[in-house]
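> This is the structure I have questions about; it appears just below.
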4 protein chains.
Amino acid sequence: MIKIGIVGGTGYTGVELMRLLALHPQVSIQVITSRSNAGTAVADLFPNLRGHVDLNYSEPELEAYRDCDLVFFATPNTTAMKQARALTSAGIRMIDLAADFRIKDIATWERWYGASHACPDIVERAVYGLPELNRDAIRAAEVVANPGCYPTSVILGLLPLLRAGRIDPASVIADCKSGTSGAGRQANVSTGFCEITESFKAYAVSGHRHLPEIRQVLQSVDADADVVFVPHLLPIIRGIHATVYATARGSADDIQALYEDYYQQEPFVDVLPQGCHPETRTVKGANICRIAIHYLPESNKYVVLSVIDNLVKGAAGQAVQNMNLMFGFSETSALESAGVMP
Amino acid sequence: MIKIGIVGGTGYTGVELMRLLALHPQVSIQVITSRSNAGTAVADLFPNLRGHVDLNYSEPELEAYRDCDLVFFATPNTTAMKQARALTSAGIRMIDLAADFRIKDIATWERWYGASHACPDIVERAVYGLPELNRDAIRAAEVVANPGCYPTSVILGLLPLLRAGRIDPASVIADCKSGTSGAGRQANVSTGFCEITESFKAYAVSGHRHLPEIRQVLQSVDADADVVFVPHLLPIIRGIHATVYATARGSADDIQALYEDYYQQEPFVDVLPQGCHPETRTVKGANICRIAIHYLPESNKYVVLSVIDNLVKGAAGQAVQNMNLMFGFSETSALESAGVMP
Amino acid sequence: MIKIGIVGGTGYTGVELMRLLALHPQVSIQVITSRSNAGTAVADLFPNLRGHVDLNYSEPELEAYRDCDLVFFATPNTTAMKQARALTSAGIRMIDLAADFRIKDIATWERWYGASHACPDIVERAVYGLPELNRDAIRAAEVVANPGCYPTSVILGLLPLLRAGRIDPASVIADCKSGTSGAGRQANVSTGFCEITESFKAYAVSGHRHLPEIRQVLQSVDADADVVFVPHLLPIIRGIHATVYATARGSADDIQALYEDYYQQEPFVDVLPQGCHPETRTVKGANICRIAIHYLPESNKYVVLSVIDNLVKGAAGQAVQNMNLMFGFSETSALESAGVMP
Amino acid sequence: MIKIGIVGGTGYTGVELMRLLALHPQVSIQVITSRSNAGTAVADLFPNLRGHVDLNYSEPELEAYRDCDLVFFATPNTTAMKQARALTSAGIRMIDLAADFRIKDIATWERWYGASHACPDIVERAVYGLPELNRDAIRAAEVVANPGCYPTSVILGLLPLLRAGRIDPASVIADCKSGTSGAGRQANVSTGFCEITESFKAYAVSGHRHLPEIRQVLQSVDADADVVFVPHLLPIIRGIHATVYATARGSADDIQALYEDYYQQEPFVDVLPQGCHPETRTVKGANICRIAIHYLPESNKYVVLSVIDNLVKGAAGQAVQNMNLMFGFSETSALESAGVMP
């Protein structure tokens with residue numbers, strides 16, 4: 001039984017983390033912090049947790065985590081980096097669900113996130129928490145940078161093609177669509193029900209913060225890789241659908257087998273049979289990425305369809321998966337539920 | 001051609017008012033004010049109006065309305081009452097889409113709205129703008145109190161029963177459901193897409209501001225009338241559905257004919273054939289109230305089903321209907337469109 | 001480890017039953033039948049179950065269930081009654097998620113369901129599977145009639161009031177709203193996406209099959225009980241919200257405590273703090289009924305707000321709860337998950 | 001005043017056509033046919049049209065259209081071609097909202113639509129009804145092939161780039177998303193509310209019937225043009241969003257001006273200011289295509305964002321626009337309404 005702290009548990013990734021951890025037999029949530037809600041019962045904000053999480057929010061002070069083995073940061077960007085040194089110095093491991101430790105190149109990070117980084121040295125030794133890419137490093141990690149939701153869907157979709165050299169690595173176009181929970185739980189006119197439902201739009205065409213993250217990971221596999229990335233906003237709560245286009249190299253005859261083999265041992269990546277189209281609803285609430293690979297002979301393009309629940313495999317579920325690896329638990333612990341469908 | 005001013009055109013009733021007025025052949029919108037958006041083009045906030053409304057928001061100063069024949073207030077409560085004296089003194093007629101002039105009893109208004117009323121004398125001569133009840137008075141009105149959305153649906157549903165003495169007037173229960181646009185366009189966690197969609201709830205069970213309004217109007221028809229009113233929030237943009245229960249008095253044999261006769265001349269009330277259930281989508285974007293009357297012999301209850309688009313017959317459309325009456329235009333002018341369905 | 005059969009696993013209650021049972025440590029699904037889909041993999045119809053349920057549909061023949069300890073019927077009405085004698089004769093226990101065994105009065109059943117009943121004697125000894133009402137009888141039952149979704153929400157909401165004699169038992173009005181999954185997974189114009197979304201309506205005002213079921217149960221508690229029941233269709237997948245009105249008797253001062261006490265030991269009924277309004281999303285995917293009790297002094301009415309997930313506490317979850325009781329498992333086994341929110 | 005017939009007015013394009021035509025001052029709907037609904041009032045199927053369309057469906061017999069000046073076919077594919085010879089012989093003009101006359105190459109049409117074409121000669125002289133491309137030919141046309149919804153959004157988005165030679169014409173990728181009304185009003189499990197809402201998926205990745213249509217039109221502008229086209233299904237009723245990628249040629253400095261100039265005279269194409277992202281909700285119910293053009297210098301790609309209401313500019317509205325041209329009416333007649341937003 002390990003002791004867990006959660007910083008910033010009032011957003012959607014925070015509540016999802018608690019929903020999952022409440023089912024984990026080897027974990028005890030010790031403390032959940034929120035400056036603005038200190039003293040409030042967690043279950044008052046999130047009544048779905050009534051009877052599952054019996055804690056009040058407390059002030060986000062270091063003292064609160066003193067006994068924890070692991071602290072999750074479900075906070076806005078630039079929060080975790082400010083507490084990282086104190087925590088790691090105290091021997092407390094951490095998983096940041098925000099972006100503070102994702103980008104290795106500090107100048108790039110500072111340009112996209114508009115802030116000076118508080119601890120570049122910790123970034124250097126932080127591990128990018130995509131188990132399908134870095135499983136062993138995650139086991140030993142002190143600080144895990146939990147991947148972004150869009151990057152998770154795009155990278156898992158492309159890895160087999162990129163590793164096998166089956167595409168022109170500079171030809172990638174990722175047209176991605178995300179559910180609105182990805183925009184967080186802030187009071188905001190633009191994410192109001194009447195603004196989102198019965199509508200659809202692209203956003204941030206000129207540049208989104210997940211672009212350098214995707215680029216960094218793809219280039220770590222193939223230095224020539226590059227990507228055009230356009231995000232869109234879906235009138236659904238949960239779900240990311242990445243439609244990824246890339247120009248093929250060599251024969252495509254074995255491509256279905258290549259994908260199935262590549263992910264055969266992965267508990268949380270599911271390659272669909274040939275010709276399928278994954279639906280986001282099949283992964284709702286579940287820690288799974290479902291992928292279909294299509295080849296278009298007329299244009300010699302691959303089209304990869306990749307879906308995740310942005311709050312689970314794209315955030316809280318992946319964080320629990322990382323925790324399981326870090327502490328030697330079964331990798332699937334607390335992540336066994338099937339998607340809620342319909 | 002009359003000259004129109006709109007105060008507070010940045011909310012949902014404001015944009016709907018402009019959408020409708022843009023089609024009116026005898027109206028010219030002169031000025032739209034918004035303190036926080038002064039200088040911004042209306043079409044930048046509401047791109048659906050590109051090519052239809054070519055105005056910028058201006059500061060809400062009295063000078064701006066000097067030339068207007070009519071000013072609509074699409075503002076929060078307590079705004080219109082502060083400008084009413086100046087406007088009426090200048091001979092400018094006004095329609096308030098908020099609640100400042102709806103409640104005749106000032107003490108009641110002050111209790112429910114938590115403010116001192118700025119002009120009780122104007123309340124006294126204001127006309128409650130439900131054309132089906134007050135058509136002639138509206139024609140001559142200086143100040144029109146545009147009805148609330150819930151009251152419009154409940155009152156139109158009950159009027160034939162109440163006028164004909166066919167119910168126990170104290171037995172009325174109005175279980176009402178409203179689309180989320182009724183909550184306005186403020187930045188608010190609780191009206192966020194992820195909070196509203198795929199959910200449903202009651203609210204304000206202990207008391208909602210539309211209760212004294214419904215009560216006042218029903219009692220103006222039958223002094224013994226009273227009502228239990230419970231509002232609920234629907235995960236749709238537009239639409240109110242009132243399900244109204246009342247204990248029957250006398251025979252119910254002619255009740256369908258009674259409703260059809262009562263509303264035969266009304267251009268904007270549509271009594272459905274016997275046994276029907278109105279759907280809110282049939283009135284989406286249209287200035288119409290659709291009603292079905294059912295009688296349950298086992299319990300001797302009437303069940304009235306009444307639907308409107310809360311932004312049209314429940315707000316902006318009814319305001320245009322009132323304007324048409326006030327200025328001698330055809331009552332249906334700019335209100336001819338059928339509901340957008342599907 | 002018991003052996004389970006599921007008849008008719010191609011509808012929404014069927015897939016939900018499998019989703020839940022896949023998590024149950026003491027259950028093995030042996031066979032799932034579907035005449036029209038025999039031979040097809042369950043996971044082809046319901047890809048959320050890929051990796052969780054590895055079975056093909058088989059023909060619905062008695063032979064298939066020969067080894068089962070328990071058979072669930074997730075079938076249309078009138079199917080289970082035709083197989084009940086053969087199954088019970090073979091010593092196989094059964095839970096019918098449809099309506100064949102819910103109504104004790106055969107004439108009433110036959111009038112509402114338009115068919116002759118195949119086994120009135122089995123109806124007589126079947127147990128109505130609402131654990132909060134019949135827990136002990138369920139433990140010993142051979143045949144369990146799993147309650148309807150609307151009845152579950154209404155009855156759980158009213159039980160404390162009715163048992164304590166706190167209402168006029170004939171004054172009950174139940175205004176209920178259900179998510180569309182309650183209408184099943186048939187091909188049907190009227191449940192198409194474009195017909196349901198962005199709309200709301202009442203239906204079956206003149207009479208719904210759940211009315212005699214609610215009436216029977218309420219009258220088993222108080223012979224004078226009666227109810228007006230109007231169902232409505234919500235543009236959400238999952239969730240029922242019952243708004244129940246009843247005239248109070250006696251003092252209402254202790255009503256909150258009365259509810260909290262009544263359900264204190266119940267694992268799957270959650271009484272909210274005074275003044276709350278339950279949201280259906282807090283129970284999405286979870287086997288829980290959340291209730292709030294309000295008293296309106298002006299009209300001397302109680303208003304009970306009661307929410308469930310119609311597919312879980314209103315169908316498959318309640319069936320699993322019944323199974324847990326019947327076989328001596330922990331009542332909460334496979335039902336521990338919190339609601340998926342947002 | 002011209003006389004209009006509508007064949008097959010029970011689908012979503014049919015009801016939308018009636019909604020629009022009901023507002024047209026120079027048009028009288030004489031007859032609406034439907035084999036399966038003959039005798040039924042139009043307003044019984046579509047209660048939004050109560051008070052607007054007072055006709056019953058009649059049998060689809062040629063005699064019925066004898067007096068018409070124009071017949072719209074809002075029918076499934078392969079219906080219009082079977083009646084085209086009789087109608088045109090009788091001097092009746094026609095607009096087919098389905099695909100029978102869109103593809104000039106008969107072999108291609110027959111391969112994609114799986115049928116023998118009934119009248120290749122009429123295809124030859126039919127005019128592709130995209131006014132922005134073929135305005136003059138439409139005025140004189142006997143038979144108009146109303147464009148598909150996806151093609152309308154993609155072609156309008158690309159025309160300025162393609163005409164000006166600003167892209168590699170073979171580099172086009174069109175990632176398109178459509179509202180569910182595009183799938184029609186059939187009874188179908190896969191378009192049920194619970195299957196569509198809260199989900200998103202691609203479909204027909206291996207080939208969609210609108211691909212040869214888009215290709216034909218683009219190649220009529222630039223013979224080297226080709227396109228990868230992937231459609232997706234949105235959980236909204238109305239709206240198409242095309243995200244179109246193409247590799248730039250030459251400088252992109254003047255691209256915003258190029259678009260604005262190209263469409264300056266078009267009443268139903270609206271080029272948004274630089275940097276904007278069009279939302280489908282801004283065109284809901286309106287006959288307008290809103291376009292934004294973005295240039296990504298890092299990848300030297302253009303990204304065009306183009307939105308329409310698939311039932312209006314993508315179907316019924318465009319048909320009315322074509323009718324207006326064919327009969328010398330104002331091109332905007334009956335199409336003046338702004339989008340319904342929110």
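In the structure tokens, each chain is lettered A, B, ... as it comes, each chain's residues begin at 1, and ligands are numbered from 1 in order of appearance.
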Would you return as a VMD selection string the members of stretch 129-261 of chain D that DSSP assigns to helix (DSSP H, G or I) on this structure's backbone?
chain D and resid 131 to 140 149 to 163 180 to 183 189 to 191 193 to 196 210 to 221 255 to 261
> Excluding same-chain residues fewer than 2 positions from B:Pro297, what lies within 12 Å of it counting only C-alpha atoms, as a ChimeraX atom specification?
/B:247-253,294-295,299-303 /C:205-207,228
> Would you work out the distance separating atom CA of A:Ile308 from atom CA of A:Leu133, expressed in Å to one decimal?
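About the pair atom CA of A:Ile308 and atom CA of A:Leu133: they are 16.7 Å apart.
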> Point out the residue among A:Thr332, A:Gln274, A:Asn48, A:Ser153 with the least atom-to-atom distance to A:Asp309, counting only C-alpha atoms.
A:Ser153
> For chain C, which residues have at least one atom within 8 Å of chain B, if we go by only C-alpha atoms? Write them as a compact mmCIF listing (two decimals) with N, CA and C atoms, in the first residue's frame, please.

```
# COMPACT_ATOMS: atom_id res chain seq x y z
N ASP C 175 -43.35 12.75 -12.48
CA ASP C 175 -42.96 13.29 -13.77
C ASP C 175 -41.55 12.79 -14.03
N CYS C 194 -30.87 12.40 -35.20
CA CYS C 194 -31.41 13.71 -35.60
C CYS C 194 -32.83 13.93 -35.10
N GLU C 195 -33.48 12.90 -34.63
CA GLU C 195 -34.83 13.03 -34.08
C GLU C 195 -34.82 13.33 -32.58
N THR C 197 -31.73 14.34 -30.54
CA THR C 197 -30.82 15.36 -30.01
C THR C 197 -31.44 16.75 -30.17
N GLU C 198 -31.09 17.65 -29.28
CA GLU C 198 -31.63 19.02 -29.34
C GLU C 198 -33.16 19.01 -29.31
N SER C 199 -33.76 18.06 -28.62
CA SER C 199 -35.21 18.06 -28.49
C SER C 199 -35.61 17.38 -27.18
N PHE C 200 -36.88 17.46 -26.86
CA PHE C 200 -37.42 16.88 -25.64
C PHE C 200 -38.92 16.75 -25.82
N LYS C 201 -39.48 15.68 -25.32
CA LYS C 201 -40.92 15.49 -25.44
C LYS C 201 -41.41 14.54 -24.35
N ALA C 202 -42.69 14.64 -24.04
CA ALA C 202 -43.38 13.62 -23.27
C ALA C 202 -43.84 12.53 -24.23
N TYR C 203 -44.13 11.36 -23.68
CA TYR C 203 -44.73 10.32 -24.53
C TYR C 203 -45.62 9.46 -23.65
N VAL C 205 -48.53 9.66 -22.56
CA VAL C 205 -49.23 10.32 -21.45
C VAL C 205 -50.47 9.52 -21.05
N SER C 206 -51.12 8.93 -22.05
CA SER C 206 -52.36 8.21 -21.74
C SER C 206 -52.12 6.87 -21.05
N VAL C 228 -50.03 9.33 -10.72
CA VAL C 228 -50.08 9.81 -12.11
C VAL C 228 -48.64 9.75 -12.61
N LEU C 234 -35.34 12.05 -22.84
CA LEU C 234 -34.21 12.98 -22.75
C LEU C 234 -33.18 12.72 -23.85
N PRO C 235 -32.59 13.77 -24.38
CA PRO C 235 -31.52 13.60 -25.36
C PRO C 235 -30.18 13.30 -24.68
N ILE C 236 -30.16 12.26 -23.89
CA ILE C 236 -28.94 11.74 -23.28
C ILE C 236 -29.00 10.22 -23.44
N ILE C 237 -27.85 9.58 -23.34
CA ILE C 237 -27.85 8.12 -23.48
C ILE C 237 -28.41 7.47 -22.22
N ARG C 238 -27.80 7.81 -21.09
CA ARG C 238 -28.09 7.13 -19.83
C ARG C 238 -28.61 8.10 -18.80
N GLY C 239 -29.58 7.63 -18.02
CA GLY C 239 -30.04 8.46 -16.92
C GLY C 239 -31.54 8.54 -16.87
N HIS C 241 -34.38 10.64 -14.42
CA HIS C 241 -34.63 11.61 -13.35
C HIS C 241 -36.12 11.57 -13.07
N GLY C 275 -31.32 20.26 0.44
CA GLY C 275 -31.24 21.36 -0.52
C GLY C 275 -30.56 21.00 -1.83
N HIS C 277 -29.73 19.00 -5.48
CA HIS C 277 -30.44 18.56 -6.68
C HIS C 277 -29.55 17.54 -7.37
N PRO C 278 -29.93 16.27 -7.38
CA PRO C 278 -29.05 15.27 -7.99
C PRO C 278 -29.01 15.43 -9.52
N GLU C 279 -27.84 15.19 -10.08
CA GLU C 279 -27.67 15.23 -11.53
C GLU C 279 -27.51 13.80 -12.04
N THR C 280 -28.12 13.50 -13.18
CA THR C 280 -28.02 12.13 -13.68
C THR C 280 -26.57 11.76 -13.98
N ARG C 281 -25.75 12.73 -14.36
CA ARG C 281 -24.37 12.39 -14.71
C ARG C 281 -23.56 11.84 -13.53
N HIS C 294 -37.23 17.34 -0.86
CA HIS C 294 -37.53 18.76 -0.62
C HIS C 294 -38.96 18.88 -0.10
N TYR C 295 -39.15 19.86 0.75
CA TYR C 295 -40.50 20.15 1.24
C TYR C 295 -40.84 21.60 0.88
N LEU C 296 -42.01 21.80 0.29
CA LEU C 296 -42.46 23.15 -0.07
C LEU C 296 -43.57 23.56 0.88
N SER C 299 -47.15 25.08 -0.43
CA SER C 299 -48.17 24.17 -1.00
C SER C 299 -48.30 22.88 -0.20
N VAL C 303 -41.36 17.25 -2.74
CA VAL C 303 -40.83 17.01 -4.08
C VAL C 303 -39.60 16.12 -3.91
N LEU C 305 -36.55 14.13 -5.69
CA LEU C 305 -35.74 14.05 -6.90
C LEU C 305 -34.91 12.77 -6.80
N PRO C 342 -16.72 13.87 -15.56
CA PRO C 342 -17.73 14.22 -16.57
C PRO C 342 -17.75 13.13 -17.62
```
> Have a look at atom CA of A:Tyr65 and atom CA of A:Ala80 and let me know their distance in Å, one decimal.
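According to the coordinates, atom CA of A:Tyr65 and atom CA of A:Ala80 are separated by 13.4 Å.
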> Contacts of B:Ile122 at 8 Å or less, counting only C-alpha atoms, minus same-chain residues fewer than 2 places along, as number ranges by chain?
B: 84-85, 101, 119-120, 124-126, 143
> Could you please take those selected residues and save C-alpha atoms as a compact mmCIF listing (two decimals), in the first residue's frame?

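New file part_27.txt:
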```txt
# COMPACT_ATOMS: atom_id res chain seq x y z
CA ALA B 84 -36.65 53.84 -17.95
CA ARG B 85 -37.43 57.31 -16.69
CA PHE B 101 -41.42 45.47 -15.09
CA CYS B 119 -39.33 53.34 -10.72
CA PRO B 120 -42.45 51.72 -9.18
CA GLU B 124 -47.61 50.39 -12.62
CA ARG B 125 -48.25 51.53 -16.15
CA ALA B 126 -46.08 48.94 -17.87
CA VAL B 143 -43.25 50.23 -21.60
```
> Tell me, as a PyMOL selection string, which residues lie within 10 Å of C:Leu218, counting only C-alpha atoms; anything in the same chain fewer than 5 positions away does not count.
chain C and resi 151+154-155+158-159+162-163+169+212-213+223-227
> Restricting it to C-alpha atoms, dump the selection as an mmCIF file, in the first residue's frame.

```
data_model
loop_
_atom_site.group_PDB
_atom_site.id
_atom_site.type_symbol
_atom_site.label_atom_id
_atom_site.label_comp_id
_atom_site.auth_asym_id
_atom_site.auth_seq_id
_atom_site.Cartn_x
_atom_site.Cartn_y
_atom_site.Cartn_z
ATOM 1 C CA PRO C 151 -40.295 2.014 -11.270
ATOM 2 C CA VAL C 154 -39.904 6.287 -8.447
ATOM 3 C CA ILE C 155 -40.229 3.562 -5.816
ATOM 4 C CA LEU C 158 -41.055 7.319 -2.414
ATOM 5 C CA LEU C 159 -40.464 4.387 -0.060
ATOM 6 C CA LEU C 162 -44.913 5.979 1.992
ATOM 7 C CA ARG C 163 -43.699 3.599 4.713
ATOM 8 C CA PRO C 169 -50.891 8.093 -0.788
ATOM 9 C CA PRO C 212 -49.205 -0.785 -13.317
ATOM 10 C CA GLU C 213 -45.781 -1.891 -12.054
ATOM 11 C CA ALA C 223 -53.166 -0.071 -0.301
ATOM 12 C CA ASP C 224 -54.450 3.444 -0.921
ATOM 13 C CA ALA C 225 -51.498 4.514 -3.002
ATOM 14 C CA ASP C 226 -51.971 5.697 -6.549
ATOM 15 C CA VAL C 227 -49.910 7.624 -9.016
#
```
